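See below for my_file14.cif, which holds mmCIF, N, CA and C atoms.
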data_upload
#
loop_
_atom_site.label_atom_id
_atom_site.label_comp_id
_atom_site.auth_asym_id
_atom_site.auth_seq_id
_atom_site.Cartn_x
_atom_site.Cartn_y
_atom_site.Cartn_z
N ARG W 25 36.62 -19.15 15.00
CA ARG W 25 36.30 -19.51 13.63
C ARG W 25 35.98 -18.25 12.81
N THR W 26 35.20 -17.35 13.39
CA THR W 26 34.86 -16.10 12.69
C THR W 26 36.12 -15.31 12.38
N LEU W 27 37.03 -15.29 13.32
CA LEU W 27 38.28 -14.54 13.13
C LEU W 27 39.08 -15.11 11.96
N THR W 28 39.22 -16.44 11.91
CA THR W 28 40.07 -17.03 10.88
C THR W 28 39.39 -17.17 9.53
N THR W 29 38.06 -17.27 9.49
CA THR W 29 37.39 -17.47 8.20
C THR W 29 36.72 -16.21 7.65
N GLU W 30 36.58 -15.18 8.48
CA GLU W 30 35.94 -13.95 8.00
C GLU W 30 36.78 -12.71 8.27
N THR W 31 37.01 -12.41 9.54
CA THR W 31 37.64 -11.14 9.92
C THR W 31 39.02 -10.96 9.28
N ILE W 32 39.93 -11.90 9.49
CA ILE W 32 41.30 -11.76 8.95
C ILE W 32 41.30 -11.80 7.43
N PRO W 33 40.63 -12.79 6.76
CA PRO W 33 40.64 -12.76 5.30
C PRO W 33 40.06 -11.48 4.71
N GLU W 34 38.98 -10.97 5.29
CA GLU W 34 38.37 -9.73 4.78
C GLU W 34 39.29 -8.53 4.99
N ALA W 35 39.95 -8.46 6.15
CA ALA W 35 40.86 -7.35 6.41
C ALA W 35 42.05 -7.39 5.46
N MET W 36 42.56 -8.57 5.21
CA MET W 36 43.70 -8.70 4.29
C MET W 36 43.28 -8.37 2.86
N ASP W 37 42.07 -8.78 2.46
CA ASP W 37 41.54 -8.40 1.13
C ASP W 37 41.45 -6.89 1.00
N ALA W 38 41.00 -6.23 2.06
CA ALA W 38 40.78 -4.78 2.03
C ALA W 38 42.08 -4.01 1.77
N ILE W 39 43.20 -4.57 2.21
CA ILE W 39 44.48 -3.89 1.98
C ILE W 39 45.31 -4.56 0.88
N GLY W 40 44.68 -5.52 0.19
CA GLY W 40 45.35 -6.18 -0.94
C GLY W 40 46.50 -7.09 -0.55
N MET W 41 46.38 -7.76 0.58
CA MET W 41 47.46 -8.60 1.08
C MET W 41 47.02 -10.07 1.11
N LYS W 42 47.86 -10.97 0.61
CA LYS W 42 47.56 -12.40 0.63
C LYS W 42 48.26 -13.11 1.78
N GLU W 43 49.43 -12.58 2.19
CA GLU W 43 50.18 -13.18 3.29
C GLU W 43 51.13 -12.14 3.86
N PHE W 44 51.59 -12.41 5.09
CA PHE W 44 52.61 -11.56 5.70
C PHE W 44 53.34 -12.35 6.77
N THR W 45 54.52 -11.87 7.12
CA THR W 45 55.34 -12.54 8.12
C THR W 45 55.51 -11.61 9.32
N LEU W 46 55.33 -12.17 10.50
CA LEU W 46 55.48 -11.42 11.74
C LEU W 46 56.96 -11.32 12.12
N ALA W 47 57.28 -10.43 13.03
CA ALA W 47 58.66 -10.25 13.49
C ALA W 47 59.24 -11.53 14.08
N ASN W 48 58.39 -12.38 14.66
CA ASN W 48 58.88 -13.63 15.25
C ASN W 48 59.05 -14.74 14.21
N GLY W 49 58.78 -14.42 12.93
CA GLY W 49 58.98 -15.39 11.85
C GLY W 49 57.73 -16.17 11.47
N LYS W 50 56.66 -16.05 12.26
CA LYS W 50 55.43 -16.75 11.90
C LYS W 50 54.79 -16.07 10.71
N LYS W 51 54.22 -16.88 9.84
CA LYS W 51 53.64 -16.38 8.60
C LYS W 51 52.12 -16.55 8.65
N ILE W 52 51.40 -15.52 8.27
CA ILE W 52 49.94 -15.57 8.18
C ILE W 52 49.60 -15.55 6.69
N GLU W 53 48.86 -16.55 6.24
CA GLU W 53 48.42 -16.56 4.85
C GLU W 53 46.99 -17.05 4.75
N ILE W 54 46.33 -16.63 3.68
CA ILE W 54 44.94 -17.02 3.46
C ILE W 54 44.93 -18.19 2.48
N LYS W 55 44.29 -19.25 2.88
CA LYS W 55 44.20 -20.45 2.04
C LYS W 55 42.74 -20.83 1.87
N PRO W 56 42.42 -21.50 0.75
CA PRO W 56 41.04 -21.96 0.56
C PRO W 56 40.69 -23.03 1.59
N LEU W 57 39.42 -23.07 1.95
CA LEU W 57 38.94 -24.05 2.93
C LEU W 57 37.58 -24.55 2.49
N ILE W 58 37.44 -25.86 2.39
CA ILE W 58 36.15 -26.49 2.12
C ILE W 58 35.91 -27.51 3.22
N LYS W 59 34.80 -27.39 3.92
CA LYS W 59 34.44 -28.33 4.97
C LYS W 59 33.00 -28.78 4.75
N ALA W 60 32.74 -30.03 5.06
CA ALA W 60 31.40 -30.58 4.93
C ALA W 60 31.10 -31.42 6.17
N SER W 61 29.84 -31.65 6.44
CA SER W 61 29.48 -32.50 7.57
C SER W 61 28.12 -33.14 7.35
N LEU W 62 27.96 -34.28 7.96
CA LEU W 62 26.67 -34.96 8.05
C LEU W 62 26.40 -35.19 9.52
N PRO W 63 25.15 -35.14 9.95
CA PRO W 63 24.86 -35.37 11.37
C PRO W 63 25.22 -36.79 11.79
N SER W 64 25.75 -36.93 12.99
CA SER W 64 26.05 -38.26 13.54
C SER W 64 24.79 -38.82 14.19
N GLN W 65 24.78 -40.13 14.42
CA GLN W 65 23.66 -40.75 15.12
C GLN W 65 23.53 -40.18 16.53
N GLY W 66 24.67 -39.87 17.16
CA GLY W 66 24.64 -39.29 18.49
C GLY W 66 23.96 -37.93 18.50
N ALA W 67 24.30 -37.09 17.51
CA ALA W 67 23.68 -35.77 17.42
C ALA W 67 22.19 -35.89 17.12
N ILE W 68 21.84 -36.84 16.27
CA ILE W 68 20.43 -37.06 15.94
C ILE W 68 19.67 -37.50 17.19
N ALA W 69 20.26 -38.40 17.96
CA ALA W 69 19.60 -38.90 19.18
C ALA W 69 19.37 -37.77 20.19
N LYS W 70 20.27 -36.79 20.24
CA LYS W 70 20.13 -35.68 21.19
C LYS W 70 19.17 -34.60 20.71
N ALA W 71 18.89 -34.57 19.42
CA ALA W 71 18.04 -33.52 18.85
C ALA W 71 16.59 -33.69 19.29
N LYS W 72 15.84 -32.62 19.20
CA LYS W 72 14.43 -32.63 19.60
C LYS W 72 13.53 -32.64 18.38
N ASP W 73 12.46 -33.39 18.44
CA ASP W 73 11.35 -33.43 17.50
C ASP W 73 11.70 -33.16 16.04
N ASP W 74 11.29 -31.98 15.53
CA ASP W 74 11.47 -31.67 14.11
C ASP W 74 12.94 -31.67 13.72
N GLU W 75 13.79 -31.16 14.58
CA GLU W 75 15.23 -31.10 14.29
C GLU W 75 15.77 -32.52 14.10
N LYS W 76 15.28 -33.46 14.89
CA LYS W 76 15.71 -34.86 14.78
C LYS W 76 15.37 -35.39 13.39
N HIS W 77 14.16 -35.11 12.91
CA HIS W 77 13.73 -35.60 11.60
C HIS W 77 14.54 -34.93 10.48
N ILE W 78 14.82 -33.65 10.63
CA ILE W 78 15.61 -32.92 9.63
C ILE W 78 17.02 -33.50 9.55
N MET W 79 17.61 -33.73 10.71
CA MET W 79 18.97 -34.27 10.74
C MET W 79 19.02 -35.69 10.17
N GLN W 80 18.05 -36.51 10.51
CA GLN W 80 18.00 -37.88 9.98
C GLN W 80 17.84 -37.85 8.46
N HIS W 81 17.00 -36.93 7.98
CA HIS W 81 16.80 -36.79 6.53
C HIS W 81 18.11 -36.36 5.85
N ARG W 82 18.81 -35.39 6.44
CA ARG W 82 20.10 -34.95 5.88
C ARG W 82 21.09 -36.10 5.80
N LEU W 83 21.17 -36.89 6.87
CA LEU W 83 22.09 -38.03 6.89
C LEU W 83 21.71 -39.03 5.80
N SER W 84 20.45 -39.39 5.73
CA SER W 84 19.99 -40.35 4.72
C SER W 84 20.26 -39.84 3.31
N GLN W 85 19.91 -38.58 3.07
CA GLN W 85 20.11 -37.98 1.74
C GLN W 85 21.61 -37.93 1.39
N GLY W 86 22.43 -37.56 2.35
CA GLY W 86 23.86 -37.47 2.11
C GLY W 86 24.48 -38.82 1.79
N LEU W 87 24.13 -39.84 2.57
CA LEU W 87 24.66 -41.18 2.32
C LEU W 87 24.17 -41.71 0.98
N GLN W 88 22.90 -41.46 0.65
CA GLN W 88 22.37 -41.91 -0.64
C GLN W 88 23.07 -41.19 -1.79
N PHE W 89 23.31 -39.88 -1.64
CA PHE W 89 24.01 -39.12 -2.68
C PHE W 89 25.40 -39.69 -2.89
N MET W 90 26.08 -40.04 -1.80
CA MET W 90 27.42 -40.62 -1.93
C MET W 90 27.35 -41.97 -2.64
N ARG W 91 26.38 -42.80 -2.28
CA ARG W 91 26.23 -44.10 -2.97
C ARG W 91 25.93 -43.91 -4.46
N ASP W 92 25.06 -42.95 -4.76
CA ASP W 92 24.69 -42.69 -6.15
C ASP W 92 25.83 -42.11 -6.97
N ASN W 93 26.86 -41.59 -6.29
CA ASN W 93 27.97 -40.95 -6.98
C ASN W 93 29.29 -41.69 -6.72
N ASN W 94 29.19 -43.00 -6.65
CA ASN W 94 30.35 -43.90 -6.56
C ASN W 94 31.25 -43.64 -5.35
N ALA W 95 30.67 -43.22 -4.24
CA ALA W 95 31.46 -43.00 -3.03
C ALA W 95 30.93 -43.83 -1.86
N GLY W 96 30.15 -44.86 -2.16
CA GLY W 96 29.61 -45.72 -1.11
C GLY W 96 30.69 -46.42 -0.31
N SER W 97 31.85 -46.63 -0.92
CA SER W 97 32.94 -47.31 -0.21
C SER W 97 33.52 -46.46 0.92
N LEU W 98 33.19 -45.18 0.95
CA LEU W 98 33.67 -44.30 2.02
C LEU W 98 32.80 -44.38 3.27
N ILE W 99 31.63 -45.00 3.15
CA ILE W 99 30.68 -45.08 4.27
C ILE W 99 31.04 -46.25 5.18
N LYS W 100 31.17 -45.96 6.47
CA LYS W 100 31.44 -47.00 7.46
C LYS W 100 30.13 -47.47 8.06
N ASN W 101 30.07 -48.73 8.42
CA ASN W 101 28.89 -49.29 9.06
C ASN W 101 29.27 -49.85 10.43
N PHE W 102 28.46 -49.56 11.43
CA PHE W 102 28.65 -50.11 12.76
C PHE W 102 27.37 -50.83 13.15
N LEU W 103 27.49 -52.06 13.57
CA LEU W 103 26.34 -52.82 14.06
C LEU W 103 26.52 -53.08 15.55
N THR W 104 25.48 -52.84 16.31
CA THR W 104 25.51 -53.12 17.74
C THR W 104 24.40 -54.11 18.04
N PHE W 105 24.77 -55.26 18.58
CA PHE W 105 23.79 -56.29 18.91
C PHE W 105 23.58 -56.31 20.42
N ASP W 106 22.34 -56.48 20.84
CA ASP W 106 22.01 -56.57 22.25
C ASP W 106 21.86 -58.05 22.60
N LEU W 107 22.90 -58.60 23.23
CA LEU W 107 22.91 -60.03 23.54
C LEU W 107 22.69 -60.27 25.03
N ASP W 108 21.87 -61.26 25.33
CA ASP W 108 21.68 -61.67 26.72
C ASP W 108 22.95 -62.38 27.20
N LYS W 109 23.04 -62.57 28.51
CA LYS W 109 24.17 -63.31 29.08
C LYS W 109 24.25 -64.69 28.45
N GLY W 110 25.46 -65.18 28.30
CA GLY W 110 25.65 -66.53 27.78
C GLY W 110 25.58 -66.62 26.26
N LYS W 111 25.58 -65.51 25.56
CA LYS W 111 25.47 -65.53 24.10
C LYS W 111 26.81 -65.32 23.40
N ASP W 112 27.92 -65.41 24.14
CA ASP W 112 29.23 -65.17 23.55
C ASP W 112 29.50 -66.10 22.36
N ASN W 113 28.97 -67.30 22.41
CA ASN W 113 29.25 -68.28 21.36
C ASN W 113 28.59 -67.94 20.02
N VAL W 114 27.68 -66.99 19.95
CA VAL W 114 27.01 -66.68 18.69
C VAL W 114 27.57 -65.45 17.98
N VAL W 115 28.59 -64.81 18.56
CA VAL W 115 29.11 -63.58 17.97
C VAL W 115 29.55 -63.80 16.53
N ALA W 116 30.35 -64.82 16.27
CA ALA W 116 30.82 -65.07 14.90
C ALA W 116 29.66 -65.37 13.97
N GLU W 117 28.70 -66.13 14.46
CA GLU W 117 27.52 -66.46 13.65
C GLU W 117 26.69 -65.21 13.36
N LEU W 118 26.60 -64.30 14.31
CA LEU W 118 25.83 -63.07 14.12
C LEU W 118 26.38 -62.23 12.97
N MET W 119 27.68 -62.23 12.81
CA MET W 119 28.29 -61.45 11.75
C MET W 119 27.77 -61.89 10.38
N LYS W 120 27.40 -63.16 10.24
CA LYS W 120 26.87 -63.69 8.98
C LYS W 120 25.36 -63.71 8.95
N MET W 121 24.75 -63.97 10.08
CA MET W 121 23.32 -64.28 10.07
C MET W 121 22.52 -63.53 11.12
N GLY W 122 22.89 -62.29 11.44
CA GLY W 122 22.22 -61.52 12.49
C GLY W 122 20.72 -61.44 12.33
N ASP W 123 20.26 -61.11 11.15
CA ASP W 123 18.83 -60.98 10.93
C ASP W 123 18.10 -62.31 11.10
N GLU W 124 18.72 -63.39 10.62
CA GLU W 124 18.08 -64.71 10.71
C GLU W 124 17.94 -65.19 12.15
N LEU W 125 18.80 -64.72 13.05
CA LEU W 125 18.75 -65.15 14.44
C LEU W 125 17.68 -64.41 15.24
N GLY W 126 17.12 -63.35 14.65
CA GLY W 126 16.06 -62.62 15.33
C GLY W 126 16.53 -61.81 16.53
N ILE W 127 17.78 -61.41 16.54
CA ILE W 127 18.32 -60.62 17.64
C ILE W 127 18.28 -59.16 17.23
N GLU W 128 17.71 -58.32 18.09
CA GLU W 128 17.62 -56.89 17.79
C GLU W 128 19.01 -56.28 17.72
N TYR W 129 19.18 -55.39 16.77
CA TYR W 129 20.45 -54.69 16.66
C TYR W 129 20.21 -53.30 16.10
N GLU W 130 21.19 -52.45 16.33
CA GLU W 130 21.15 -51.10 15.78
C GLU W 130 22.24 -50.99 14.73
N ARG W 131 21.95 -50.25 13.67
CA ARG W 131 22.94 -50.04 12.62
C ARG W 131 23.25 -48.55 12.54
N GLU W 132 24.52 -48.22 12.50
CA GLU W 132 24.94 -46.83 12.34
C GLU W 132 25.84 -46.75 11.13
N GLU W 133 25.52 -45.83 10.25
CA GLU W 133 26.36 -45.57 9.09
C GLU W 133 26.98 -44.20 9.26
N THR W 134 28.26 -44.10 8.95
CA THR W 134 28.95 -42.83 9.12
C THR W 134 30.09 -42.71 8.12
N VAL W 135 30.54 -41.49 7.93
CA VAL W 135 31.70 -41.22 7.10
C VAL W 135 32.65 -40.39 7.94
N HIS W 136 33.91 -40.77 8.00
CA HIS W 136 34.89 -40.02 8.79
C HIS W 136 34.95 -38.59 8.26
N ALA W 137 35.04 -37.62 9.16
CA ALA W 137 34.98 -36.21 8.80
C ALA W 137 36.03 -35.82 7.76
N GLN W 138 37.27 -36.26 7.92
CA GLN W 138 38.32 -35.90 6.96
C GLN W 138 38.07 -36.56 5.60
N THR W 139 37.56 -37.78 5.61
CA THR W 139 37.24 -38.47 4.36
C THR W 139 36.13 -37.73 3.63
N LEU W 140 35.11 -37.31 4.37
CA LEU W 140 34.00 -36.56 3.77
C LEU W 140 34.50 -35.23 3.21
N ASN W 141 35.30 -34.51 3.97
CA ASN W 141 35.84 -33.24 3.50
C ASN W 141 36.64 -33.41 2.21
N SER W 142 37.49 -34.42 2.17
CA SER W 142 38.30 -34.67 0.97
C SER W 142 37.43 -34.99 -0.23
N TRP W 143 36.43 -35.82 -0.03
CA TRP W 143 35.55 -36.22 -1.13
C TRP W 143 34.76 -35.03 -1.66
N VAL W 144 34.20 -34.23 -0.76
CA VAL W 144 33.43 -33.05 -1.18
C VAL W 144 34.33 -32.05 -1.89
N LYS W 145 35.51 -31.81 -1.34
CA LYS W 145 36.45 -30.87 -1.96
C LYS W 145 36.80 -31.32 -3.37
N GLU W 146 37.08 -32.60 -3.53
CA GLU W 146 37.42 -33.15 -4.85
C GLU W 146 36.28 -32.94 -5.85
N ARG W 147 35.06 -33.22 -5.42
CA ARG W 147 33.90 -33.04 -6.32
C ARG W 147 33.74 -31.57 -6.71
N ILE W 148 33.89 -30.67 -5.73
CA ILE W 148 33.75 -29.24 -6.02
C ILE W 148 34.83 -28.79 -6.99
N GLU W 149 36.06 -29.22 -6.74
CA GLU W 149 37.16 -28.84 -7.62
C GLU W 149 36.98 -29.38 -9.04
N GLU W 150 36.31 -30.53 -9.17
CA GLU W 150 36.06 -31.12 -10.48
C GLU W 150 34.79 -30.55 -11.13
N GLY W 151 34.11 -29.64 -10.43
CA GLY W 151 32.89 -29.04 -10.96
C GLY W 151 31.68 -29.95 -10.92
N LYS W 152 31.74 -31.00 -10.10
CA LYS W 152 30.63 -31.93 -9.96
C LYS W 152 29.67 -31.42 -8.89
N PRO W 153 28.38 -31.72 -9.03
CA PRO W 153 27.40 -31.21 -8.05
C PRO W 153 27.53 -31.89 -6.69
N VAL W 154 27.28 -31.10 -5.65
CA VAL W 154 27.21 -31.59 -4.28
C VAL W 154 26.11 -30.79 -3.59
N PRO W 155 25.11 -31.45 -2.99
CA PRO W 155 24.04 -30.71 -2.32
C PRO W 155 24.58 -29.93 -1.11
N GLN W 156 24.58 -28.62 -1.22
CA GLN W 156 25.16 -27.74 -0.20
C GLN W 156 24.50 -27.92 1.17
N ASP W 157 23.17 -27.93 1.21
CA ASP W 157 22.46 -28.02 2.49
C ASP W 157 22.62 -29.40 3.13
N THR W 158 22.56 -30.44 2.33
CA THR W 158 22.67 -31.80 2.85
C THR W 158 24.00 -31.99 3.58
N PHE W 159 25.07 -31.51 2.98
CA PHE W 159 26.39 -31.70 3.55
C PHE W 159 26.87 -30.50 4.38
N ALA W 160 26.01 -29.51 4.60
CA ALA W 160 26.36 -28.32 5.39
C ALA W 160 27.74 -27.80 5.00
N ILE W 161 27.92 -27.54 3.72
CA ILE W 161 29.23 -27.19 3.18
C ILE W 161 29.59 -25.75 3.47
N PHE W 162 30.80 -25.57 3.97
CA PHE W 162 31.40 -24.25 4.09
C PHE W 162 32.47 -24.18 3.02
N ASN W 163 32.34 -23.24 2.11
CA ASN W 163 33.31 -23.07 1.03
C ASN W 163 33.81 -21.64 1.11
N GLY W 164 34.95 -21.46 1.70
CA GLY W 164 35.48 -20.12 1.89
C GLY W 164 36.98 -20.16 2.03
N ARG W 165 37.49 -19.28 2.85
CA ARG W 165 38.92 -19.20 3.07
C ARG W 165 39.20 -19.18 4.56
N GLN W 166 40.45 -19.45 4.90
CA GLN W 166 40.82 -19.47 6.31
C GLN W 166 42.23 -18.90 6.45
N ALA W 167 42.42 -18.10 7.48
CA ALA W 167 43.75 -17.59 7.80
C ALA W 167 44.52 -18.69 8.54
N ILE W 168 45.69 -19.00 8.06
CA ILE W 168 46.51 -20.04 8.64
C ILE W 168 47.77 -19.41 9.21
N VAL W 169 48.12 -19.76 10.44
CA VAL W 169 49.36 -19.29 11.05
C VAL W 169 50.38 -20.42 10.94
N ALA W 170 51.44 -20.16 10.19
CA ALA W 170 52.50 -21.17 10.02
C ALA W 170 53.68 -20.81 10.89
N LYS W 171 54.26 -21.80 11.55
CA LYS W 171 55.43 -21.56 12.37
C LYS W 171 56.61 -21.17 11.50
N SER W 172 57.52 -20.45 12.08
CA SER W 172 58.71 -20.04 11.33
C SER W 172 59.57 -21.25 11.02
N LYS W 173 60.27 -21.15 9.91
CA LYS W 173 61.12 -22.28 9.48
C LYS W 173 62.46 -22.27 10.14
#

Mind turning this structure into structure tokens?
Amino acid sequence: RTLTTETIPEAMDAIGMKEFTLANGKKIEIKPLIKASLPSQGAIAKAKDDEKHIMQHRLSQGLQFMRDNNAGSLIKNFLTFDLDKGKDNVVAELMKMGDELGIEYEREETVHAQTLNSWVKERIEEGKPVPQDTFAIFNGRQAIVAKSK
């Protein structure tokens, strides 16, 4: 990652080069790169003490920011219900009335990484605010190796 996002772009800048082609026909060019991320529930579960709270806060803040900025439809929800044996007949009912049945469940909200990247990139390109720390945004460049045509 350091090579493609720092070393090669900086070296090419130093000699005033944006792209070049190798003898084998492969082309190296520098392209803009914007990446964002929110912590997953799995990462939060593995984190220790303070880090767990920080990651949970980032996730909550990020999802709320997306909802507040008309991107709530990009958020996926996963519900996991813990059912005892013999409860197969209530699955359809749980989808409508899980809370009323008093069955414990876990809820996970997530945004697919590519969807999040596209949304953040679009906002940045439109000059709209995006909390840098919440979304752990990398806004830089990347060296791309393209195969010969």

Inset, instruction - Once DSSP has gone over the backbone, tell me which residues of segment 96-160 of chain W are in strand (DSSP E or B), as a PyMOL selection string. - result: chain W and resi 100-105+129-134

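Residues within 7 Å of Ile127 of chain W, counting all atoms listed in the file and excluding same-chain residues fewer than 5 positions away, are W:Phe105, W:Asp106, W:Gly122.
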
Inset, instruction - Check which residues satisfy the PyMOL selection byres ((chain W and resi 28) around 7) in the file shown, then give them as a PyMOL selection string. - result: chain W and resi 25-27+29-33+165-168

Inset, instruction - Measuring atom to atom with only C-alpha atoms, identify which of W:Lys152, W:Gln65, W:Leu140, W:Pro56 is nearest to His81 of chain W. - result: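 The closest residue to His81 of chain W is W:Gln65.
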
Inset, instruction - For atom CA of Ile161 of chain W and atom CA of Ala137 of chain W, quote the distance in Å rounded to one decimal. - result: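 Computing the Euclidean distance for atom CA of Ile161 of chain W and atom CA of Ala137 of chain W yields 12.1 Å.
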
Env of segment 142-146 of chain W: 12 Å cut, atoms = only C-alpha atoms, seq-sep filter 4 positions within chain, self excluded. Answer as a short mmCIF file (atom, residue, chain, number, x, y, z; two decimals) with N, CA and C atoms, in the coordinates of the input.
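Below is the file that was written, result.cif:
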data_model
loop_
_atom_site.label_atom_id
_atom_site.label_comp_id
_atom_site.auth_asym_id
_atom_site.auth_seq_id
_atom_site.Cartn_x
_atom_site.Cartn_y
_atom_site.Cartn_z
N PRO W 56 42.42 -21.50 0.75
CA PRO W 56 41.04 -21.96 0.56
C PRO W 56 40.69 -23.03 1.59
N LEU W 57 39.42 -23.07 1.95
CA LEU W 57 38.94 -24.05 2.93
C LEU W 57 37.58 -24.55 2.49
N ILE W 58 37.44 -25.86 2.39
CA ILE W 58 36.15 -26.49 2.12
C ILE W 58 35.91 -27.51 3.22
N LYS W 59 34.80 -27.39 3.92
CA LYS W 59 34.44 -28.33 4.97
C LYS W 59 33.00 -28.78 4.75
N ALA W 60 32.74 -30.03 5.06
CA ALA W 60 31.40 -30.58 4.93
C ALA W 60 31.10 -31.42 6.17
N SER W 61 29.84 -31.65 6.44
CA SER W 61 29.48 -32.50 7.57
C SER W 61 28.12 -33.14 7.35
N LEU W 62 27.96 -34.28 7.96
CA LEU W 62 26.67 -34.96 8.05
C LEU W 62 26.40 -35.19 9.52
N GLY W 86 22.43 -37.56 2.35
CA GLY W 86 23.86 -37.47 2.11
C GLY W 86 24.48 -38.82 1.79
N PHE W 89 23.31 -39.88 -1.64
CA PHE W 89 24.01 -39.12 -2.68
C PHE W 89 25.40 -39.69 -2.89
N MET W 90 26.08 -40.04 -1.80
CA MET W 90 27.42 -40.62 -1.93
C MET W 90 27.35 -41.97 -2.64
N ASN W 93 26.86 -41.59 -6.29
CA ASN W 93 27.97 -40.95 -6.98
C ASN W 93 29.29 -41.69 -6.72
N ASN W 94 29.19 -43.00 -6.65
CA ASN W 94 30.35 -43.90 -6.56
C ASN W 94 31.25 -43.64 -5.35
N ALA W 95 30.67 -43.22 -4.24
CA ALA W 95 31.46 -43.00 -3.03
C ALA W 95 30.93 -43.83 -1.86
N GLY W 96 30.15 -44.86 -2.16
CA GLY W 96 29.61 -45.72 -1.11
C GLY W 96 30.69 -46.42 -0.31
N SER W 97 31.85 -46.63 -0.92
CA SER W 97 32.94 -47.31 -0.21
C SER W 97 33.52 -46.46 0.92
N LEU W 98 33.19 -45.18 0.95
CA LEU W 98 33.67 -44.30 2.02
C LEU W 98 32.80 -44.38 3.27
N ILE W 99 31.63 -45.00 3.15
CA ILE W 99 30.68 -45.08 4.27
C ILE W 99 31.04 -46.25 5.18
N VAL W 135 30.54 -41.49 7.93
CA VAL W 135 31.70 -41.22 7.10
C VAL W 135 32.65 -40.39 7.94
N HIS W 136 33.91 -40.77 8.00
CA HIS W 136 34.89 -40.02 8.79
C HIS W 136 34.95 -38.59 8.26
N ALA W 137 35.04 -37.62 9.16
CA ALA W 137 34.98 -36.21 8.80
C ALA W 137 36.03 -35.82 7.76
N GLN W 138 37.27 -36.26 7.92
CA GLN W 138 38.32 -35.90 6.96
C GLN W 138 38.07 -36.56 5.60
N GLU W 150 36.31 -30.53 -9.17
CA GLU W 150 36.06 -31.12 -10.48
C GLU W 150 34.79 -30.55 -11.13
N GLY W 151 34.11 -29.64 -10.43
CA GLY W 151 32.89 -29.04 -10.96
C GLY W 151 31.68 -29.95 -10.92
N LYS W 152 31.74 -31.00 -10.10
CA LYS W 152 30.63 -31.93 -9.96
C LYS W 152 29.67 -31.42 -8.89
N PRO W 153 28.38 -31.72 -9.03
CA PRO W 153 27.40 -31.21 -8.05
C PRO W 153 27.53 -31.89 -6.69
N VAL W 154 27.28 -31.10 -5.65
CA VAL W 154 27.21 -31.59 -4.28
C VAL W 154 26.11 -30.79 -3.59
N PRO W 155 25.11 -31.45 -2.99
CA PRO W 155 24.04 -30.71 -2.32
C PRO W 155 24.58 -29.93 -1.11
N GLN W 156 24.58 -28.62 -1.22
CA GLN W 156 25.16 -27.74 -0.20
C GLN W 156 24.50 -27.92 1.17
N THR W 158 22.56 -30.44 2.33
CA THR W 158 22.67 -31.80 2.85
C THR W 158 24.00 -31.99 3.58
N PHE W 159 25.07 -31.51 2.98
CA PHE W 159 26.39 -31.70 3.55
C PHE W 159 26.87 -30.50 4.38
N ALA W 160 26.01 -29.51 4.60
CA ALA W 160 26.36 -28.32 5.39
C ALA W 160 27.74 -27.80 5.00
N ILE W 161 27.92 -27.54 3.72
CA ILE W 161 29.23 -27.19 3.18
C ILE W 161 29.59 -25.75 3.47
N PHE W 162 30.80 -25.57 3.97
CA PHE W 162 31.40 -24.25 4.09
C PHE W 162 32.47 -24.18 3.02
N ASN W 163 32.34 -23.24 2.11
CA ASN W 163 33.31 -23.07 1.03
C ASN W 163 33.81 -21.64 1.11
N GLY W 164 34.95 -21.46 1.70
CA GLY W 164 35.48 -20.12 1.89
C GLY W 164 36.98 -20.16 2.03
#
